[in-house]
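Content type mmCIF, C-alpha atoms, from the file start.cif:
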```cif
data_my_file
loop_
_atom_site.group_PDB
_atom_site.id
_atom_site.type_symbol
_atom_site.label_atom_id
_atom_site.label_comp_id
_atom_site.auth_asym_id
_atom_site.auth_seq_id
_atom_site.Cartn_x
_atom_site.Cartn_y
_atom_site.Cartn_z
ATOM 1 C CA LEU O 797 -6.239 184.981 -25.081
ATOM 2 C CA SER O 798 -6.828 188.753 -25.035
ATOM 3 C CA LEU O 799 -9.352 191.233 -23.668
ATOM 4 C CA PHE O 800 -9.765 194.614 -25.402
ATOM 5 C CA ALA O 801 -11.594 197.855 -24.591
ATOM 6 C CA GLY O 802 -11.770 201.176 -26.362
ATOM 7 C CA GLY O 803 -13.932 203.537 -28.372
ATOM 8 C CA LEU O 804 -15.913 203.313 -31.617
ATOM 9 C CA LYS O 805 -17.141 205.871 -34.153
ATOM 10 C CA GLU O 806 -20.024 205.215 -36.552
ATOM 11 C CA SER O 807 -19.062 206.297 -40.059
ATOM 12 C CA GLY O 808 -22.352 207.915 -41.064
ATOM 13 C CA THR O 809 -23.484 209.930 -38.037
ATOM 14 C CA ARG O 810 -20.067 210.120 -36.312
ATOM 15 C CA ASP O 811 -21.698 208.926 -33.082
ATOM 16 C CA ASN O 812 -19.374 207.427 -30.469
ATOM 17 C CA SER O 813 -19.673 204.413 -28.197
ATOM 18 C CA PRO O 814 -17.493 202.253 -25.949
ATOM 19 C CA VAL O 815 -16.413 198.955 -27.519
ATOM 20 C CA TRP O 816 -14.876 195.762 -26.139
ATOM 21 C CA ALA O 817 -13.768 192.384 -27.451
ATOM 22 C CA LEU O 818 -12.563 188.980 -26.306
ATOM 23 C CA GLU O 819 -10.211 187.129 -28.661
ATOM 24 C CA TYR O 820 -8.453 183.786 -28.982
ATOM 25 C CA GLN O 821 -5.520 183.808 -31.403
ATOM 26 C CA HIS O 822 -3.861 180.648 -32.723
ATOM 27 C CA PRO O 823 -0.377 180.560 -34.291
ATOM 28 C CA LEU O 824 -0.058 178.907 -37.697
ATOM 29 C CA HIS O 825 3.475 180.038 -38.598
ATOM 30 C CA GLU O 826 6.109 182.535 -37.487
ATOM 31 C CA ASN O 827 4.363 185.174 -39.620
ATOM 32 C CA VAL O 828 0.789 183.844 -39.838
ATOM 33 C CA GLY O 829 -1.979 183.417 -37.269
ATOM 34 C CA ALA O 830 -5.745 182.931 -37.054
ATOM 35 C CA SER O 831 -8.176 184.341 -34.495
ATOM 36 C CA PHE O 832 -11.747 184.112 -33.250
ATOM 37 C CA SER O 833 -13.248 187.226 -31.629
ATOM 38 C CA TRP O 834 -16.497 188.117 -29.898
ATOM 39 C CA LEU O 835 -16.868 191.858 -30.483
ATOM 40 C CA ASN O 836 -19.355 194.182 -28.735
ATOM 41 C CA GLU O 837 -19.761 197.527 -30.521
ATOM 42 C CA GLY O 838 -21.694 199.220 -27.744
ATOM 43 C CA HIS O 839 -24.793 201.378 -28.087
ATOM 44 C CA VAL O 840 -24.731 203.955 -30.850
ATOM 45 C CA PRO O 841 -28.182 205.614 -31.248
ATOM 46 C CA GLY O 842 -30.665 203.121 -32.704
ATOM 47 C CA HIS O 843 -28.229 200.201 -32.651
ATOM 48 C CA HIS O 844 -26.973 197.674 -30.097
ATOM 49 C CA ARG O 845 -24.630 195.572 -32.246
ATOM 50 C CA ASP O 846 -22.230 192.758 -31.522
ATOM 51 C CA GLY O 847 -21.001 189.648 -33.294
ATOM 52 C CA GLN O 848 -18.288 187.103 -33.986
ATOM 53 C CA SER O 849 -15.348 187.310 -36.335
ATOM 54 C CA ILE O 850 -12.742 184.918 -37.695
ATOM 55 C CA GLN O 851 -9.581 186.564 -39.051
ATOM 56 C CA ILE O 852 -6.365 185.530 -40.757
ATOM 57 C CA TRP O 853 -3.311 187.548 -39.692
ATOM 58 C CA GLY O 854 -0.014 188.347 -41.326
ATOM 59 C CA ARG O 855 2.629 189.663 -38.938
ATOM 60 C CA THR O 856 6.246 190.680 -38.674
ATOM 61 C CA ASN O 857 8.301 190.631 -35.464
ATOM 62 C CA VAL O 858 10.864 193.356 -34.791
ATOM 63 C CA LEU O 859 13.049 194.670 -31.953
ATOM 64 C CA ASP O 860 14.331 191.202 -31.066
ATOM 65 C CA ARG O 861 10.702 189.902 -31.239
ATOM 66 C CA ARG O 862 9.573 192.326 -28.535
ATOM 67 C CA LEU O 863 7.174 194.052 -30.944
ATOM 68 C CA SER O 864 4.810 192.299 -33.348
ATOM 69 C CA LEU O 865 3.096 194.299 -36.131
ATOM 70 C CA ALA O 866 0.138 192.630 -37.818
ATOM 71 C CA VAL O 867 -2.700 193.076 -40.290
ATOM 72 C CA GLY O 868 -5.826 190.896 -40.180
ATOM 73 C CA VAL O 869 -8.993 190.437 -42.218
ATOM 74 C CA GLY O 870 -12.020 188.175 -42.060
ATOM 75 C CA PRO O 871 -15.818 187.794 -42.016
ATOM 76 C CA TYR O 872 -17.994 189.336 -39.315
ATOM 77 C CA ARG O 873 -21.374 187.831 -38.369
ATOM 78 C CA TYR O 874 -23.301 190.595 -36.635
ATOM 79 C CA PHE O 875 -26.431 190.733 -34.472
ATOM 80 C CA ASP O 876 -27.992 194.194 -34.230
ATOM 81 C CA THR O 877 -30.851 195.270 -31.955
ATOM 82 C CA THR O 878 -32.406 198.200 -33.801
ATOM 83 C CA VAL O 879 -35.679 200.072 -34.239
ATOM 84 C CA SER O 880 -38.502 198.009 -35.756
ATOM 85 C CA LEU O 881 -39.568 199.143 -39.235
ATOM 86 C CA ALA O 882 -43.112 198.090 -38.295
ATOM 87 C CA GLY O 883 -43.230 201.040 -35.914
ATOM 88 C CA GLY O 884 -42.393 201.024 -32.224
ATOM 89 C CA GLY O 885 -40.529 198.301 -30.422
ATOM 90 C CA TYR O 886 -37.315 196.765 -31.651
ATOM 91 C CA ALA O 887 -36.023 194.304 -34.243
ATOM 92 C CA ASN O 888 -33.159 191.802 -34.265
ATOM 93 C CA ASP O 889 -31.244 192.278 -37.519
ATOM 94 C CA HIS O 890 -28.632 189.725 -38.578
ATOM 95 C CA GLY O 891 -26.123 189.997 -41.367
ATOM 96 C CA TRP O 892 -22.559 189.668 -42.604
ATOM 97 C CA GLY O 893 -19.755 192.137 -42.881
ATOM 98 C CA THR O 894 -15.976 192.313 -43.115
ATOM 99 C CA VAL O 895 -13.550 193.347 -40.400
ATOM 100 C CA GLY O 896 -10.045 194.585 -41.192
ATOM 101 C CA SER O 897 -7.514 195.228 -38.424
ATOM 102 C CA LEU O 898 -4.121 196.775 -37.795
ATOM 103 C CA ALA O 899 -2.416 195.684 -34.576
ATOM 104 C CA ALA O 900 0.749 196.175 -32.574
ATOM 105 C CA ALA O 901 1.612 193.883 -29.647
ATOM 106 C CA TYR O 902 4.408 194.340 -27.123
ATOM 107 C CA TYR O 903 5.672 191.097 -25.539
ATOM 108 C CA THR O 904 7.072 191.189 -22.022
ATOM 109 C CA GLY O 905 9.586 188.727 -20.607
ATOM 110 C CA SER O 906 6.677 186.638 -19.242
ATOM 111 C CA ARG O 907 3.511 185.299 -20.911
ATOM 112 C CA TRP O 908 1.792 188.700 -20.657
ATOM 113 C CA LEU O 909 1.549 191.081 -23.599
ATOM 114 C CA TYR O 910 0.004 194.486 -24.326
ATOM 115 C CA GLN O 911 -1.753 195.456 -27.534
ATOM 116 C CA VAL O 912 -3.212 198.351 -29.463
ATOM 117 C CA ARG O 913 -5.610 197.651 -32.328
ATOM 118 C CA PHE O 914 -7.549 199.552 -34.973
ATOM 119 C CA ASN O 915 -10.656 197.854 -36.433
ATOM 120 C CA ARG O 916 -12.588 198.877 -39.526
ATOM 121 C CA ILE O 917 -15.939 197.109 -40.021
ATOM 122 C CA VAL O 918 -17.944 197.291 -43.238
ATOM 123 C CA ALA O 919 -21.344 195.692 -42.580
ATOM 124 C CA HIS O 920 -23.812 195.046 -45.399
ATOM 125 C CA GLY O 921 -27.284 196.262 -44.413
ATOM 126 C CA SER O 922 -26.055 197.991 -41.241
ATOM 127 C CA PHE O 923 -23.704 200.818 -40.267
ATOM 128 C CA ASN O 924 -19.937 200.898 -40.814
ATOM 129 C CA SER O 925 -17.626 201.636 -37.911
ATOM 130 C CA SER O 926 -14.045 202.376 -36.887
ATOM 131 C CA ALA O 927 -12.676 201.480 -33.457
ATOM 132 C CA LEU O 928 -9.454 201.972 -31.518
ATOM 133 C CA MET O 929 -8.901 199.468 -28.706
ATOM 134 C CA PHE O 930 -6.248 198.651 -26.133
ATOM 135 C CA GLY O 931 -5.819 195.159 -24.760
ATOM 136 C CA ILE O 932 -3.974 192.834 -22.441
ATOM 137 C CA GLY O 933 -3.212 189.267 -23.486
ATOM 138 C CA TYR O 934 -1.833 186.067 -22.006
ATOM 139 C CA GLN O 935 -0.010 183.322 -23.913
ATOM 140 C CA LEU O 936 -1.656 180.033 -22.995
ATOM 141 C CA GLU O 937 1.422 177.870 -23.610
ATOM 142 C CA PRO O 938 4.925 178.154 -22.103
ATOM 143 C CA VAL O 939 7.179 180.568 -23.989
ATOM 144 C CA ALA O 940 10.744 179.586 -24.815
ATOM 145 C CA GLU O 941 11.649 183.080 -26.023
ATOM 146 C CA ARG O 942 10.159 186.551 -26.091
ATOM 147 C CA GLY O 943 7.549 187.151 -28.773
ATOM 148 C CA PRO O 944 4.615 185.305 -30.343
ATOM 149 C CA GLN O 945 4.686 181.544 -30.696
ATOM 150 C CA ALA O 946 5.328 180.180 -34.173
ATOM 151 C CA SER O 947 3.161 177.097 -33.615
ATOM 152 C CA ALA O 948 0.970 175.500 -30.973
ATOM 153 C CA PRO O 949 1.806 172.151 -29.331
ATOM 154 C CA ARG O 950 0.100 169.192 -30.978
ATOM 155 C CA GLN O 951 -2.457 167.241 -28.978
ATOM 156 C CA LEU O 952 -2.009 163.480 -28.910
ATOM 157 C CA GLU O 953 -5.402 162.548 -27.456
ATOM 158 C CA LYS O 954 -8.997 163.610 -27.954
ATOM 159 C CA THR O 955 -9.899 166.761 -26.042
ATOM 160 C CA THR O 956 -13.051 165.164 -24.609
ATOM 161 C CA THR O 957 -14.168 161.608 -23.870
ATOM 162 C CA ASP O 958 -17.749 161.817 -22.529
ATOM 163 C CA GLU O 959 -19.101 164.507 -20.228
ATOM 164 C CA ILE O 960 -22.399 165.386 -18.530
ATOM 165 C CA THR O 961 -22.790 169.030 -17.396
ATOM 166 C CA LEU O 962 -25.529 170.675 -15.343
ATOM 167 C CA PHE O 963 -25.813 174.452 -15.860
ATOM 168 C CA LEU O 964 -27.445 177.393 -14.111
ATOM 169 C CA GLY O 965 -27.313 180.950 -15.363
ATOM 170 C CA ARG O 966 -29.065 183.943 -16.857
ATOM 171 C CA THR O 967 -31.122 184.694 -19.977
ATOM 172 C CA ILE O 968 -30.865 188.231 -21.404
ATOM 173 C CA VAL O 969 -33.262 189.232 -24.196
ATOM 174 C CA ASN O 970 -31.643 191.223 -27.034
ATOM 175 C CA SER O 971 -34.090 194.140 -26.694
ATOM 176 C CA TYR O 972 -33.661 197.763 -25.593
ATOM 177 C CA GLU O 973 -34.791 196.816 -22.075
ATOM 178 C CA SER O 974 -32.632 193.648 -21.796
ATOM 179 C CA GLU O 975 -35.280 191.669 -19.907
ATOM 180 C CA ARG O 976 -33.737 188.903 -17.770
ATOM 181 C CA ASP O 977 -34.544 185.712 -15.934
ATOM 182 C CA SER O 978 -32.787 182.607 -14.659
ATOM 183 C CA ALA O 979 -31.834 179.826 -17.078
ATOM 184 C CA ARG O 980 -30.892 176.176 -16.688
ATOM 185 C CA ALA O 981 -29.535 173.482 -18.982
ATOM 186 C CA LEU O 982 -28.324 169.899 -19.136
ATOM 187 C CA GLU O 983 -25.725 168.896 -21.735
ATOM 188 C CA TYR O 984 -24.114 165.653 -22.909
ATOM 189 C CA ARG O 985 -20.755 166.087 -24.671
ATOM 190 C CA HIS O 986 -18.858 163.479 -26.707
ATOM 191 C CA GLY O 987 -15.429 163.790 -28.289
ATOM 192 C CA LEU O 988 -15.258 162.678 -31.927
ATOM 193 C CA ALA O 989 -11.621 163.575 -32.591
ATOM 194 C CA ARG O 990 -8.721 165.518 -31.090
ATOM 195 C CA TYR O 991 -10.265 168.906 -31.823
ATOM 196 C CA LEU O 992 -13.894 167.967 -32.496
ATOM 197 C CA ASP O 993 -16.828 167.490 -30.058
ATOM 198 C CA VAL O 994 -20.585 167.104 -30.438
ATOM 199 C CA THR O 995 -23.210 167.920 -27.814
ATOM 200 C CA LEU O 996 -26.889 167.259 -27.212
ATOM 201 C CA GLY O 997 -28.689 169.295 -24.577
ATOM 202 C CA VAL O 998 -31.892 170.595 -23.044
ATOM 203 C CA LEU O 999 -32.165 174.361 -22.446
ATOM 204 C CA ASN O 1000 -34.762 176.248 -20.396
ATOM 205 C CA GLU O 1001 -34.481 180.034 -20.854
ATOM 206 C CA GLY O 1002 -36.809 180.919 -17.966
ATOM 207 C CA ASP O 1003 -39.421 183.654 -18.284
ATOM 208 C CA PRO O 1004 -37.909 187.081 -19.053
ATOM 209 C CA ARG O 1005 -41.403 188.219 -20.193
ATOM 210 C CA LEU O 1006 -40.707 188.412 -23.947
ATOM 211 C CA VAL O 1007 -39.792 184.726 -24.278
ATOM 212 C CA ARG O 1008 -40.590 181.577 -22.348
ATOM 213 C CA ARG O 1009 -38.626 178.962 -24.271
ATOM 214 C CA THR O 1010 -37.598 175.411 -23.627
ATOM 215 C CA GLY O 1011 -35.926 173.260 -26.248
ATOM 216 C CA ILE O 1012 -33.333 170.808 -27.453
ATOM 217 C CA THR O 1013 -29.900 171.892 -28.693
ATOM 218 C CA ALA O 1014 -27.469 169.975 -30.915
ATOM 219 C CA GLN O 1015 -24.043 171.446 -31.696
ATOM 220 C CA ILE O 1016 -20.741 170.598 -33.336
ATOM 221 C CA TRP O 1017 -17.641 172.082 -31.724
ATOM 222 C CA GLY O 1018 -14.069 173.023 -32.409
ATOM 223 C CA VAL O 1019 -12.174 172.503 -29.132
ATOM 224 C CA ARG O 1020 -8.605 172.585 -27.845
ATOM 225 C CA GLU O 1021 -6.681 171.970 -24.627
ATOM 226 C CA VAL O 1022 -4.463 174.855 -23.536
ATOM 227 C CA LEU O 1023 -2.093 175.664 -20.664
ATOM 228 C CA ALA O 1024 0.891 173.429 -19.985
ATOM 229 C CA SER O 1025 -1.162 171.155 -17.749
ATOM 230 C CA ASP O 1026 -4.001 170.847 -20.322
ATOM 231 C CA ARG O 1027 -6.401 171.890 -17.546
ATOM 232 C CA LEU O 1028 -8.147 174.598 -19.577
ATOM 233 C CA VAL O 1029 -10.310 173.729 -22.605
ATOM 234 C CA LEU O 1030 -11.630 176.376 -25.022
ATOM 235 C CA GLY O 1031 -14.206 175.802 -27.738
ATOM 236 C CA ILE O 1032 -16.779 177.290 -30.108
ATOM 237 C CA GLY O 1033 -19.951 175.491 -31.210
ATOM 238 C CA PHE O 1034 -22.870 175.955 -33.582
ATOM 239 C CA GLY O 1035 -26.077 174.087 -34.282
ATOM 240 C CA PRO O 1036 -29.896 173.996 -34.340
ATOM 241 C CA TYR O 1037 -32.153 174.801 -31.399
ATOM 242 C CA LEU O 1038 -35.629 173.243 -31.576
ATOM 243 C CA SER O 1039 -37.821 174.926 -28.972
ATOM 244 C CA ILE O 1040 -41.317 175.717 -27.771
ATOM 245 C CA ASP O 1041 -41.889 179.392 -26.951
ATOM 246 C CA ARG O 1042 -45.084 179.871 -24.962
ATOM 247 C CA TYR O 1043 -45.019 183.600 -25.808
ATOM 248 C CA ARG O 1044 -44.425 183.117 -29.545
ATOM 249 C CA THR O 1045 -47.088 185.432 -30.945
ATOM 250 C CA PRO O 1046 -45.161 187.956 -33.067
ATOM 251 C CA VAL O 1047 -46.601 191.437 -33.386
ATOM 252 C CA SER O 1048 -47.507 192.901 -36.782
ATOM 253 C CA GLY O 1049 -44.480 193.092 -39.076
ATOM 254 C CA GLU O 1050 -42.336 190.636 -37.137
ATOM 255 C CA GLY O 1051 -42.956 187.566 -39.313
ATOM 256 C CA ARG O 1052 -44.431 184.200 -38.389
ATOM 257 C CA GLY O 1053 -41.655 182.904 -36.217
ATOM 258 C CA SER O 1054 -40.426 179.333 -36.098
ATOM 259 C CA ASN O 1055 -39.749 176.580 -33.605
ATOM 260 C CA LEU O 1056 -36.307 176.213 -35.212
ATOM 261 C CA SER O 1057 -33.651 178.708 -34.182
ATOM 262 C CA TRP O 1058 -29.848 178.575 -34.171
ATOM 263 C CA ILE O 1059 -27.471 178.568 -31.240
ATOM 264 C CA PHE O 1060 -23.856 179.747 -31.265
ATOM 265 C CA THR O 1061 -21.692 179.185 -28.170
ATOM 266 C CA ALA O 1062 -18.245 180.044 -26.856
ATOM 267 C CA THR O 1063 -17.202 177.848 -23.925
ATOM 268 C CA GLY O 1064 -14.360 177.349 -21.493
ATOM 269 C CA ALA O 1065 -13.863 174.493 -19.033
ATOM 270 C CA PHE O 1066 -11.329 174.221 -16.224
ATOM 271 C CA ARG O 1067 -10.489 170.693 -15.095
ATOM 272 C CA LEU O 1068 -10.624 170.492 -11.317
ATOM 273 C CA SER O 1069 -9.750 166.789 -11.100
ATOM 274 C CA ARG O 1070 -9.658 163.633 -13.186
ATOM 275 C CA HIS O 1071 -13.450 163.510 -13.496
ATOM 276 C CA TRP O 1072 -14.794 166.965 -12.554
ATOM 277 C CA ASP O 1073 -14.604 170.328 -14.270
ATOM 278 C CA ALA O 1074 -16.151 173.798 -14.025
ATOM 279 C CA ARG O 1075 -17.549 175.185 -17.277
ATOM 280 C CA VAL O 1076 -18.854 178.552 -18.464
ATOM 281 C CA SER O 1077 -20.744 178.949 -21.769
ATOM 282 C CA TRP O 1078 -21.934 182.091 -23.550
ATOM 283 C CA ASN O 1079 -24.812 181.150 -25.858
ATOM 284 C CA ARG O 1080 -26.345 183.383 -28.521
ATOM 285 C CA ILE O 1081 -29.821 182.302 -29.674
ATOM 286 C CA ASN O 1082 -30.529 183.487 -33.239
ATOM 287 C CA THR O 1083 -34.285 183.598 -34.070
ATOM 288 C CA ASN O 1084 -36.316 184.768 -37.072
ATOM 289 C CA TYR O 1085 -39.007 186.527 -35.037
ATOM 290 C CA ASN O 1086 -37.062 189.180 -33.075
ATOM 291 C CA ARG O 1087 -36.583 187.188 -29.895
ATOM 292 C CA ASP O 1088 -32.793 186.734 -29.857
ATOM 293 C CA THR O 1089 -31.253 186.081 -26.445
ATOM 294 C CA ASP O 1090 -27.908 185.707 -24.715
ATOM 295 C CA VAL O 1091 -27.824 182.806 -22.264
ATOM 296 C CA ILE O 1092 -24.842 182.884 -19.893
ATOM 297 C CA LEU O 1093 -24.415 179.533 -18.128
ATOM 298 C CA PHE O 1094 -22.135 178.253 -15.355
ATOM 299 C CA GLY O 1095 -21.944 174.520 -14.820
ATOM 300 C CA ALA O 1096 -20.337 171.542 -13.121
ATOM 301 C CA GLY O 1097 -19.352 168.707 -15.446
ATOM 302 C CA TYR O 1098 -18.531 165.044 -14.837
ATOM 303 C CA ARG O 1099 -16.187 163.328 -17.325
ATOM 304 C CA TYR O 1100 -16.060 159.571 -17.796
#
```
Take the structure in this file and express it as structure tokens.
Amino acid sequence: LSLFAGGLKESGTRDNSPVWALEYQHPLHENVGASFSWLNEGHVPGHHRDGQSIQIWGRTNVLDRRLSLAVGVGPYRYFDTTVSLAGGGYANDHGWGTVGSLAAAYYTGSRWLYQVRFNRIVAHGSFNSSALMFGIGYQLEPVAERGPQASAPRQLEKTTTDEITLFLGRTIVNSYESERDSARALEYRHGLARYLDVTLGVLNEGDPRLVRRTGITAQIWGVREVLASDRLVLGIGFGPYLSIDRYRTPVSGEGRGSNLSWIFTATGAFRLSRHWDARVSWNRINTNYNRDTDVILFGAGYRY
């Protein structure tokens, strides 16, 4: 698990912006890995863009496995807050691109590692960018020798049985003003297989002035236990969000809007005891009427 920060340059205008990313990387082989990243490209003029990427990595380990050199490529699903073509205000543009990366990671004698990475993003319908980032990472499983792991331990049991979680948190509208209000949610989670969960929930996004939504979420998840004690669980989920927005009256040029949106979530849960855990979830609500939001939730869960 790694956290990156650095600088970005837009290809067309040469404008600069800070950039940061959070990444989970999973070993598939001594020389192959896969990763999921949540990348924030900062605020270049007229654009506030971020998104998620899945990459496949090829790597070689040198200097007695102290240094790992890698190249990665994969799809990039972006969410861009930009100027509305209807005049005034903002718009939430969504699209697909490709991210290619060059990386070098130095492995210490412990689980900690240090990284430098260059990203090149080509985004269809949006701007292209180049970024240089520096990061610090932590290997989530015990290391028998210096360097990246060649494979991850195999789970024998399902990650989740059944779990009820009550959340409180914050809604942030994806606009230039980032209007905010409190949010709350209730979620039921059921484990289907070792690495597969499903959830059904109720989400109230509060009243950050541009939206006043309440709805039902249903998601399917990829999940995995990590750390030697299996006390930390990481997962990503996706699914429909059927809601009622009391402020859903789009302005001219925004489109009709719909009760059906999509929700994408990255989550982490830390098991405090046999039955209780603490969970944090970062939800991105993807609408078709320029009312995208981030909903950051902190919750207490009971497993049974």
Exercise. Rounded to one decimal place, report the CA of Leu881 (chain O)-CA of Thr1061 (chain O) distance in Å.
Key: 29.0 Å
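Nearest-residue note for Trp1017 (chain O): choosing from O:Arg985, O:Arg1042, O:His920, O:Arg845, the minimum distance belongs to O:Arg985, counting only C-alpha atoms.
Residues with any atom within 7 Å of the point (-2.8, 194.1, -38.3), counting only C-alpha atoms, are Trp853, Leu865, Ala866, Val867, Gly868, Ser897, Leu898 and Ala899 of chain O.
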For this structure, which residues satisfy the selection - the PyMOL selection byres ((chain O and resi 1064) around 7) - when it is evaluated on the file as given? I want them as a tab-separated table (two decimals) with C-alpha atoms, keeping the file's coordinate frame.
```tsv
chain	number	residue	atom	x	y	z
O	1029	VAL	CA	-10.31	173.73	-22.60
O	1030	LEU	CA	-11.63	176.38	-25.02
O	1031	GLY	CA	-14.21	175.80	-27.74
O	1063	THR	CA	-17.20	177.85	-23.92
O	1065	ALA	CA	-13.86	174.49	-19.03
O	1066	PHE	CA	-11.33	174.22	-16.22
O	1075	ARG	CA	-17.55	175.18	-17.28
O	1076	VAL	CA	-18.85	178.55	-18.46
O	1077	SER	CA	-20.74	178.95	-21.77
```
Self-check item: Target residues per the PyMOL selection byres ((chain O and resi 973) around 12), formatted as a PyMOL selection string
Solution: chain O and resi 844+877+885-886+968-972+974-976+1004-1006
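Minimum atom-to-atom distance to Glu826 (chain O), evaluated using only C-alpha atoms, belongs to O:Gln945 out of O:Gln851, O:Gln945, O:Asn915, O:Ser922.
Using all atoms listed in the file, the smallest distance between any of O:Ala1014, O:Thr878, O:Leu909, O:Tyr872 and Gly893 (chain O) comes from O:Tyr872.
This file, queried with the PyMOL selection byres ((chain O and resi 829) around 9), gives the residues Gln821, His822, Pro823, Leu824, His825, Glu826, Asn827, Val828, Ala830, Ser831, Gln851, Ile852, Trp853, Gly854, Arg855, Gly868, Ala946 and Ser947 of chain O.
In this model, the gap between CA of Arg1020 (chain O) and CA of Arg990 (chain O) comes to 7.8 Å.
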List as a compact mmCIF listing (two decimals) with C-alpha atoms, in the frame of the given file the protein and nucleic acid residues near Ile1016 (chain O), meaning an atom at most 9 Å away when all atoms listed in the file are counted, but skip any in the same chain fewer than 2 places from it.
```
# COMPACT_ATOMS: atom_id res chain seq x y z
CA LEU O 992 -13.89 167.97 -32.50
CA ASP O 993 -16.83 167.49 -30.06
CA VAL O 994 -20.58 167.10 -30.44
CA THR O 995 -23.21 167.92 -27.81
CA ALA O 1014 -27.47 169.98 -30.92
CA GLY O 1018 -14.07 173.02 -32.41
CA ILE O 1032 -16.78 177.29 -30.11
CA GLY O 1033 -19.95 175.49 -31.21
CA PHE O 1034 -22.87 175.96 -33.58
CA GLY O 1035 -26.08 174.09 -34.28
```
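With CA of Ala1062 (chain O) on one side and CA of Gly997 (chain O) on the other, the separation reads 15.2 Å.
With all atoms listed in the file taken into account, the protein and nucleic acid residues at most 12 Å from region 804-812 of chain O (excluding it and anything under 5 positions from it in its own chain) are Ala817, Leu835, Asn836, Glu837, Gly838, His839, Val840, Pro841, Gly842, His843, Arg845, Arg913, Phe914, Asn915, Arg916, Ile917, Val918, Ala919, Ser922, Phe923, Asn924, Ser925, Ser926, Ala927, Leu928 and Met929 of chain O.
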Practice problem: Return the single residue from O:Val879, O:Ile1081, O:Ala1096, O:Leu982 that is closest to Ser1069 (chain O), with distances computed using only C-alpha atoms. | Solution: O:Ala1096
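Closest to Tyr874 (chain O) among O:Ala900, O:Asn857, O:Ser833, O:Thr955 is O:Ser833, based on all atoms listed in the file.
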Quiz prompt | Shell of 8 Å around Ser864 (chain O), only C-alpha atoms, local chain residues under 6 positions omitted, as a ChimeraX atom specification | solution = /O:855-858,900-903,943-944
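With all atoms listed in the file as the atoms that count, the residue of O:Gln951, O:Asn888, O:Ser1039, O:Ser798 with the shortest distance to Asn1086 (chain O) is O:Asn888.
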Quiz item: Skipping near chain neighbours, those fewer than 5 positions away, what residues fall within 9 Å of Ala989 (chain O) using only C-alpha atoms, listed as a PyMOL selection string?
Solution: chain O and resi 953-956
Output file for the selection above: C-alpha atoms, as an mmCIF file, in the coordinates of the input:
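Below is the file out34.cif, written as the result:
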```
data_model
loop_
_atom_site.group_PDB
_atom_site.id
_atom_site.type_symbol
_atom_site.label_atom_id
_atom_site.label_comp_id
_atom_site.auth_asym_id
_atom_site.auth_seq_id
_atom_site.Cartn_x
_atom_site.Cartn_y
_atom_site.Cartn_z
ATOM 1 C CA GLU O 953 -5.402 162.548 -27.456
ATOM 2 C CA LYS O 954 -8.997 163.610 -27.954
ATOM 3 C CA THR O 955 -9.899 166.761 -26.042
ATOM 4 C CA THR O 956 -13.051 165.164 -24.609
#
```
Box along x, y and z, 4 Å on every side, all listed atoms of region 1018-1036 of chain O inside: centre and edge lengths in Å to one decimal, as lines of an AutoDock Vina configuration file.
```
center_x = -14.5
center_y = 174.1
center_z = -25.9
size_x = 38.8
size_y = 14.4
size_z = 24.8
```
